[in-house]
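As provided, upload_25.pdb (PDB, C-alpha atoms) reads as follows.
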ATOM      1  CA  MET A   1     114.495 202.351  31.634
ATOM      2  CA  LEU A   2     113.712 198.720  31.105
ATOM      3  CA  GLY A   3     115.997 197.087  28.603
ATOM      4  CA  ASP A   4     113.102 195.358  26.896
ATOM      5  CA  ASP A   5     110.167 197.461  25.730
ATOM      6  CA  ALA A   6     107.985 194.361  25.903
ATOM      7  CA  GLU A   7     108.570 194.234  29.660
ATOM      8  CA  LEU A   8     107.518 197.858  30.077
ATOM      9  CA  THR A   9     104.448 197.263  27.902
ATOM     10  CA  ALA A  10     103.496 194.279  30.071
ATOM     11  CA  ALA A  11     104.012 196.304  33.241
ATOM     12  CA  VAL A  12     101.766 199.091  31.948
ATOM     13  CA  LEU A  13      99.023 196.601  31.090
ATOM     14  CA  ALA A  14      99.260 194.997  34.530
ATOM     15  CA  ALA A  15      99.207 198.421  36.202
ATOM     16  CA  GLN A  16      96.009 199.198  34.327
ATOM     17  CA  ASP A  17      94.486 196.146  35.992
ATOM     18  CA  GLY A  18      95.389 197.531  39.416
ATOM     19  CA  ASP A  19      98.694 195.730  39.994
ATOM     20  CA  GLU A  20     100.598 198.017  42.390
ATOM     21  CA  THR A  21     103.900 196.176  41.894
ATOM     22  CA  ALA A  22     103.610 196.628  38.134
ATOM     23  CA  PHE A  23     102.940 200.338  38.573
ATOM     24  CA  ARG A  24     106.089 200.662  40.676
ATOM     25  CA  THR A  25     107.969 198.915  37.866
ATOM     26  CA  VAL A  26     106.602 201.432  35.371
ATOM     27  CA  TYR A  27     107.497 204.315  37.680
ATOM     28  CA  ARG A  28     111.057 203.161  38.221
ATOM     29  CA  ALA A  29     111.540 202.583  34.505
ATOM     30  CA  VAL A  30     110.235 205.944  33.316
ATOM     31  CA  HIS A  31     110.664 208.399  36.187
ATOM     32  CA  PRO A  32     114.395 209.262  36.033
ATOM     33  CA  ARG A  33     114.283 210.444  32.441
ATOM     34  CA  LEU A  34     110.873 212.042  32.819
ATOM     35  CA  LEU A  35     112.328 214.039  35.706
ATOM     36  CA  GLY A  36     115.212 215.054  33.477
ATOM     37  CA  TYR A  37     112.779 216.352  30.886
ATOM     38  CA  VAL A  38     110.830 218.380  33.441
ATOM     39  CA  ARG A  39     114.109 219.790  34.736
ATOM     40  CA  THR A  40     114.797 221.289  31.321
ATOM     41  CA  LEU A  41     111.465 223.147  31.559
ATOM     42  CA  VAL A  42     111.234 224.379  35.158
ATOM     43  CA  GLY A  43     114.741 224.035  36.559
ATOM     44  CA  ASP A  44     116.074 222.034  39.496
ATOM     45  CA  PRO A  45     114.232 223.647  42.435
ATOM     46  CA  ASP A  46     110.756 222.724  41.165
ATOM     47  CA  ALA A  47     111.385 219.681  38.980
ATOM     48  CA  GLU A  48     110.683 217.058  41.655
ATOM     49  CA  ASP A  49     107.370 218.619  42.681
ATOM     50  CA  VAL A  50     106.170 219.083  39.094
ATOM     51  CA  THR A  51     107.134 215.533  38.171
ATOM     52  CA  SER A  52     105.307 214.235  41.239
ATOM     53  CA  GLU A  53     102.180 216.060  40.079
ATOM     54  CA  ALA A  54     102.589 214.469  36.662
ATOM     55  CA  TRP A  55     102.797 210.994  38.228
ATOM     56  CA  LEU A  56      99.645 211.594  40.219
ATOM     57  CA  GLN A  57      97.845 212.327  36.957
ATOM     58  CA  ILE A  58      99.459 209.338  35.260
ATOM     59  CA  ALA A  59      98.282 207.109  38.115
ATOM     60  CA  ARG A  60      94.776 208.565  37.952
ATOM     61  CA  ASP A  61      94.410 208.354  34.170
ATOM     62  CA  ILE A  62      96.427 205.244  33.299
ATOM     63  CA  ASP A  63      93.205 203.308  32.736
ATOM     64  CA  ARG A  64      92.490 205.573  29.773
ATOM     65  CA  PHE A  65      95.819 204.854  28.123
ATOM     66  CA  SER A  66      96.012 202.443  25.207
ATOM     67  CA  GLY A  67      99.291 201.435  23.628
ATOM     68  CA  ASP A  68     102.741 199.971  24.049
ATOM     69  CA  ALA A  69     105.922 201.167  25.756
ATOM     70  CA  ASP A  70     106.736 203.753  23.091
ATOM     71  CA  ARG A  71     103.291 205.275  23.279
ATOM     72  CA  PHE A  72     103.346 205.249  27.060
ATOM     73  CA  ARG A  73     106.582 207.217  27.185
ATOM     74  CA  GLY A  74     105.089 209.796  24.829
ATOM     75  CA  TRP A  75     101.852 209.950  26.815
ATOM     76  CA  ALA A  76     103.728 210.412  30.091
ATOM     77  CA  ALA A  77     105.933 213.097  28.549
ATOM     78  CA  ARG A  78     102.882 215.061  27.354
ATOM     79  CA  ILE A  79     101.371 214.956  30.837
ATOM     80  CA  ALA A  80     104.664 216.064  32.384
ATOM     81  CA  ARG A  81     105.032 218.902  29.889
ATOM     82  CA  ASN A  82     101.502 220.135  30.559
ATOM     83  CA  ARG A  83     102.124 220.120  34.306
ATOM     84  CA  ALA A  84     105.401 221.982  33.778
ATOM     85  CA  LEU A  85     103.769 224.655  31.616
ATOM     86  CA  ASP A  86     100.954 225.028  34.170
ATOM     87  CA  HIS A  87     103.593 225.524  36.846
ATOM     88  CA  ILE A  88     105.361 228.169  34.772
ATOM     89  CA  ARG A  89     102.095 230.023  34.223
ATOM     90  CA  MET A  90     101.311 229.931  37.946
ATOM     91  CA  ARG A  91     104.694 231.484  38.674
ATOM     92  CA  GLY A  92     103.814 234.283  36.286
ATOM     93  CA  ARG A  93     106.698 233.500  33.995
ATOM     94  CA  ARG A  94     106.663 232.626  30.355
ATOM     95  CA  PRO A  95     108.370 229.393  29.258
ATOM     96  CA  ALA A  96     111.817 230.120  27.913
ATOM     97  CA  ILE A  97     111.187 228.428  24.589
ATOM     98  CA  GLY A  98     113.394 230.058  21.994
ATOM     99  CA  GLY A  99     113.375 229.992  18.237
ATOM    100  CA  ASP A 100     110.667 229.824  15.626
ATOM    101  CA  GLU A 101     109.414 226.504  14.285
ATOM    102  CA  THR A 102     109.554 227.917  10.750
ATOM    103  CA  GLU A 103     113.341 228.041  11.126
ATOM    104  CA  LEU A 104     113.478 224.283  11.662
ATOM    105  CA  THR A 105     111.916 222.991   8.468
ATOM    106  CA  GLY A 106     115.154 221.925   6.824
ATOM    107  CA  LYS A 107     116.251 218.318   6.787
ATOM    108  CA  ALA A 108     118.858 217.525   9.414
ATOM    109  CA  ALA A 109     122.237 216.467   8.052
ATOM    110  CA  GLU A 110     124.140 213.504   9.404
ATOM    111  CA  SER A 111     126.607 214.358  12.149
ATOM    112  CA  ASP A 112     128.958 211.702  13.460
ATOM    113  CA  THR A 113     130.423 214.269  15.836
ATOM    114  CA  ALA A 114     127.046 214.876  17.466
ATOM    115  CA  GLY A 115     126.407 211.159  17.803
ATOM    116  CA  GLU A 116     129.776 210.638  19.414
ATOM    117  CA  ALA A 117     129.052 213.511  21.764
ATOM    118  CA  MET A 118     125.902 211.852  23.076
ATOM    119  CA  GLU A 119     127.660 208.524  23.467
ATOM    120  CA  ALA A 120     130.306 210.248  25.576
ATOM    121  CA  LEU A 121     127.860 212.101  27.808
ATOM    122  CA  ALA A 122     127.333 210.691  31.273
ATOM    123  CA  THR A 123     123.816 211.250  32.546
ATOM    124  CA  GLY A 124     125.078 213.475  35.364
ATOM    125  CA  ASN A 125     126.884 215.767  32.940
ATOM    126  CA  ALA A 126     124.272 215.590  30.218
ATOM    127  CA  PHE A 127     121.632 217.751  31.862
ATOM    128  CA  SER A 128     124.051 220.490  32.887
ATOM    129  CA  LEU A 129     125.144 220.752  29.254
ATOM    130  CA  ILE A 130     121.633 220.405  27.832
ATOM    131  CA  ALA A 131     120.570 223.286  30.081
ATOM    132  CA  GLN A 132     122.867 225.521  28.048
ATOM    133  CA  LEU A 133     120.913 224.874  24.834
ATOM    134  CA  PRO A 134     118.038 227.024  23.525
ATOM    135  CA  GLN A 135     114.818 225.655  25.000
ATOM    136  CA  ASP A 136     113.460 224.216  21.742
ATOM    137  CA  GLN A 137     116.699 222.308  21.165
ATOM    138  CA  ALA A 138     116.901 221.189  24.792
ATOM    139  CA  GLU A 139     113.366 219.759  24.705
ATOM    140  CA  ALA A 140     113.967 218.026  21.388
ATOM    141  CA  VAL A 141     117.228 216.457  22.565
ATOM    142  CA  VAL A 142     115.773 215.274  25.876
ATOM    143  CA  LEU A 143     112.620 213.834  24.325
ATOM    144  CA  ARG A 144     114.444 212.128  21.456
ATOM    145  CA  VAL A 145     117.644 210.996  23.143
ATOM    146  CA  VAL A 146     116.951 210.804  26.866
ATOM    147  CA  VAL A 147     113.249 209.941  27.113
ATOM    148  CA  GLY A 148     113.624 207.801  23.983
ATOM    149  CA  LEU A 149     110.721 209.040  21.848
ATOM    150  CA  ASP A 150     110.714 208.744  18.077
ATOM    151  CA  ALA A 151     110.340 211.959  16.077
ATOM    152  CA  LYS A 152     106.590 211.545  15.639
ATOM    153  CA  SER A 153     105.893 211.041  19.351
ATOM    154  CA  ALA A 154     108.215 213.897  20.301
ATOM    155  CA  ALA A 155     106.459 216.137  17.776
ATOM    156  CA  GLU A 156     103.061 215.250  19.244
ATOM    157  CA  THR A 157     104.356 216.137  22.704
ATOM    158  CA  LEU A 158     105.685 219.507  21.546
ATOM    159  CA  GLY A 159     102.901 220.345  19.096
ATOM    160  CA  LYS A 160     105.372 220.606  16.224
ATOM    161  CA  ARG A 161     106.158 218.805  12.987
ATOM    162  CA  PRO A 162     108.439 215.740  13.132
ATOM    163  CA  GLY A 163     110.886 217.418  10.748
ATOM    164  CA  ALA A 164     111.115 220.433  13.037
ATOM    165  CA  VAL A 165     111.841 218.218  16.030
ATOM    166  CA  ARG A 166     114.488 216.244  14.132
ATOM    167  CA  THR A 167     116.236 219.440  13.100
ATOM    168  CA  ALA A 168     116.053 220.971  16.582
ATOM    169  CA  ALA A 169     117.499 217.766  18.053
ATOM    170  CA  HIS A 170     120.230 217.732  15.414
ATOM    171  CA  ARG A 171     121.187 221.330  16.138
ATOM    172  CA  GLY A 172     121.142 220.620  19.843
ATOM    173  CA  LEU A 173     123.415 217.609  19.436
ATOM    174  CA  LYS A 174     125.849 219.632  17.352
ATOM    175  CA  ARG A 175     125.967 222.283  20.065
ATOM    176  CA  LEU A 176     126.492 219.613  22.725
ATOM    177  CA  ALA A 177     129.421 218.309  20.705
ATOM    178  CA  GLU A 178     130.882 221.820  20.731
ATOM    179  CA  LEU A 179     130.310 222.143  24.473
ATOM    180  CA  LEU A 180     132.038 218.812  25.045
ATOM    181  CA  GLY A 181     134.976 220.069  23.045
ATOM    182  CA  ASP A 182     135.160 223.162  25.237
ATOM    183  CA  ASP A 183     134.955 221.149  28.473
ATOM    184  CA  PRO A 184     137.509 218.310  28.618
ATOM    185  CA  ASP A 185     136.146 217.140  31.986
ATOM    186  CA  SER A 186     132.816 216.263  30.355
ATOM    187  CA  THR A 187     134.397 213.538  28.239
ATOM    188  CA  GLY A 188     135.755 211.600  31.197
ATOM    189  CA  ALA A 189     132.576 209.648  31.895
ATOM    190  CA  LEU A 190     131.465 207.202  29.243
ATOM    191  CA  SER A 191     127.999 206.265  30.442
ATOM    192  CA  ALA A 192     126.150 206.092  27.128
ATOM    193  CA  VAL A 193     122.868 207.860  26.461
ATOM    194  CA  PRO A 194     120.696 206.100  23.843
ATOM    195  CA  THR A 195     120.745 207.436  20.306
ATOM    196  CA  PRO A 196     117.536 208.963  18.868
ATOM    197  CA  ARG A 197     114.923 206.377  17.990
ATOM    198  CA  GLU A 198     112.914 206.107  14.803
ATOM    199  CA  PRO A 199     109.394 204.661  14.550
ATOM    200  CA  ARG A 200     109.076 200.902  14.411
ATOM    201  CA  THR A 201     106.381 199.069  12.566
ATOM    202  CA  ARG A 202     104.741 196.880  15.154
ATOM    203  CA  ALA A 203     101.272 196.472  16.436
ATOM    204  CA  VAL A 204      99.971 198.591  19.252
ATOM    205  CA  THR A 205      98.477 196.672  22.126
ATOM    206  CA  SER A 206      95.213 197.870  23.629
ATOM    207  CA  ALA A 207      94.245 196.974  27.141
ATOM    208  CA  GLY A 208      90.885 196.232  28.647
ATOM    209  CA  VAL A 209      90.451 197.868  32.024
ATOM    210  CA  THR A 210      88.752 196.247  34.973
ATOM    211  CA  HIS A 211      89.550 198.675  37.759
ATOM    212  CA  SER A 212      92.084 201.268  38.897
ATOM    213  CA  ARG A 213      93.579 202.462  42.128
ATOM    214  CA  LEU A 214      95.223 205.765  42.864
ATOM    215  CA  ARG A 215      98.879 205.375  43.639
ATOM    216  CA  THR A 216     101.043 207.793  45.554
ATOM    217  CA  GLN A 217     104.781 208.291  45.274
ATOM    218  CA  LYS A 218     105.439 206.875  48.704
ATOM    219  CA  ASP A 219     104.262 203.522  47.311
ATOM    220  CA  MET A 220     106.678 203.577  44.350
TER     221      MET A 220
END
Please rewrite the model in this file as structure tokens.
Amino acid sequence: MLGDDAELTAAVLAAQDGDETAFRTVYRAVHPRLLGYVRTLVGDPDAEDVTSEAWLQIARDIDRFSGDADRFRGWAARIARNRALDHIRMRGRRPAIGGDETELTGKAAESDTAGEAMEALATGNAFSLIAQLPQDQAEAVVLRVVVGLDAKSAAETLGKRPGAVRTAAHRGLKRLAELLGDDPDSTGALSAVPTPREPRTRAVTSAGVTHSRLRTQKDM
């Protein structure tokens, strides 16, 4: 992702005005982690195709989007999740989402061990370990820690309460810490994954739209 959210926000605004280079910047900034999220829903064989479908919708509907980098990530994640669930339904399989939201209403406790686990996870190892989590925890961890959504945006994506998402992410991080402890090879790579983000109080930028152009992945 872009190191500066302001740069991503500017790229989104330019893409809304039909700037193809800006759209490629947005794609390159958001795609890798969006793909990782879709992978937790549909698995490796179909993740690329489903994510491509999501980007086609993002390209088509970007003119309707209004907001900054944080909101864009949440908006893109919702589109990707909807495409993934559509794909699961077309395959005739139910999404493997485990657990009951009513079980997640407690306040998450602090866990230095879980935080250290995420800092130690290399991206390549992260998704193989995350895949071992219950689906609700896997989605919460990926949205909060990998995609970089705050609890409110992640909750909107999942249709749950922010407290439920925080607790699911916390439980998932604790389990990842345990998995790291069971797999010494996983601690060898120290490529850091960002820690969960909380909402920031800053203005949301709205964009006026003049025109749009459909982009395809071969242009990105």
Go through the shown structure with the PyMOL selection byres ((chain A and resi 73) around 8) and write out the matching residues as a compact mmCIF listing (two decimals) with C-alpha atoms, in the coordinates of the input.
# COMPACT_ATOMS: atom_id res chain seq x y z
CA VAL A 30 110.24 205.94 33.32
CA ALA A 69 105.92 201.17 25.76
CA ASP A 70 106.74 203.75 23.09
CA ARG A 71 103.29 205.28 23.28
CA PHE A 72 103.35 205.25 27.06
CA GLY A 74 105.09 209.80 24.83
CA TRP A 75 101.85 209.95 26.82
CA ALA A 76 103.73 210.41 30.09
CA ALA A 77 105.93 213.10 28.55
CA VAL A 147 113.25 209.94 27.11
CA GLY A 148 113.62 207.80 23.98
CA LEU A 149 110.72 209.04 21.85
Kindly give the distance, in Å, that separates atom CA of Ala177 of chain A and atom CA of Arg144 of chain A, rounded to a single decimal.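 Computing the Euclidean distance for atom CA of Ala177 of chain A and atom CA of Arg144 of chain A yields 16.2 Å.
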Taking 6 positions as the minimum chain separation for residues in the same chain, which residues sit within 10 Å of Ala84 of chain A when counting all atoms listed in the file? Answer as a PDB file with C-alpha atoms, in the frame of the given file.
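Contents of the output file out.pdb:
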ATOM      1  CA  TYR A  37     112.779 216.352  30.886  1.00  0.00           C
ATOM      2  CA  VAL A  38     110.830 218.380  33.441  1.00  0.00           C
ATOM      3  CA  ARG A  39     114.109 219.790  34.736  1.00  0.00           C
ATOM      4  CA  THR A  40     114.797 221.289  31.321  1.00  0.00           C
ATOM      5  CA  LEU A  41     111.465 223.147  31.559  1.00  0.00           C
ATOM      6  CA  VAL A  42     111.234 224.379  35.158  1.00  0.00           C
ATOM      7  CA  GLY A  43     114.741 224.035  36.559  1.00  0.00           C
ATOM      8  CA  ASP A  46     110.756 222.724  41.165  1.00  0.00           C
ATOM      9  CA  ALA A  47     111.385 219.681  38.980  1.00  0.00           C
ATOM     10  CA  ASP A  49     107.370 218.619  42.681  1.00  0.00           C
ATOM     11  CA  VAL A  50     106.170 219.083  39.094  1.00  0.00           C
ATOM     12  CA  THR A  51     107.134 215.533  38.171  1.00  0.00           C
ATOM     13  CA  GLU A  53     102.180 216.060  40.079  1.00  0.00           C
ATOM     14  CA  ALA A  54     102.589 214.469  36.662  1.00  0.00           C
ATOM     15  CA  ARG A  78     102.882 215.061  27.354  1.00  0.00           C
ATOM     16  CA  MET A  90     101.311 229.931  37.946  1.00  0.00           C
ATOM     17  CA  PRO A  95     108.370 229.393  29.258  1.00  0.00           C
TER      18      PRO A  95
END
Spell out the residues picked by the PyMOL selection byres ((chain A and resi 131) around 12) here, as a ChimeraX atom specification. /A:36-44,96,125-130,132-139,141-142,172,175-176,179
Separation of atom CA of Glu156 of chain A from atom CA of Asp17 of chain A, in Å and rounded to one decimal: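 Atom CA of Glu156 of chain A sits 26.8 Å away from atom CA of Asp17 of chain A.
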One-decimal distance in Å that lies between atom CA of Asp5 of chain A and atom CA of Ala29 of chain A: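 Computing the Euclidean distance for atom CA of Ala29 of chain A and atom CA of Asp5 of chain A yields 10.3 Å.
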Given the file above and the PyMOL selection byres ((chain A and resi 160) around 12), which residues are selected, and can you give them as a list of chain:residue names?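 Against this file, the PyMOL selection byres ((chain A and resi 160) around 12) returns the residues A:Asp100, A:Glu101, A:Thr102, A:Leu104, A:Thr105, A:Asp136, A:Glu139, A:Ala140, A:Ala151, A:Lys152, A:Ser153, A:Ala154, A:Ala155, A:Glu156, A:Thr157, A:Leu158, A:Gly159, A:Arg161, A:Pro162, A:Gly163, A:Ala164, A:Val165, A:Arg166, A:Thr167, A:Ala168.
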With distances taken over all atoms listed in the file, which of A:Leu8, A:Pro45, A:Leu56, A:Leu13 is nearest to Arg28 of chain A?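 Going through A:Leu8, A:Pro45, A:Leu56, A:Leu13 one by one, the smallest distance to Arg28 of chain A is for A:Leu8.
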From the set A:Ala15, A:Leu173, A:Ala59, A:Ile79, which residue has the shortest atom-to-atom contact distance to Leu34 of chain A, counting only C-alpha atoms? A:Ile79
I'd like to know which of A:Ile62, A:Ala6, A:Ala169, A:Ile88 is closest to Gly18 of chain A, using all atoms listed in the file.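 Result for the nearest residue to Gly18 of chain A: A:Ile62.
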A:Val26, A:Leu143, A:Leu85, A:Val12: which is nearest Ser66 of chain A, counting only C-alpha atoms?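 Going through A:Val26, A:Leu143, A:Leu85, A:Val12 one by one, the smallest distance to Ser66 of chain A is for A:Val12.
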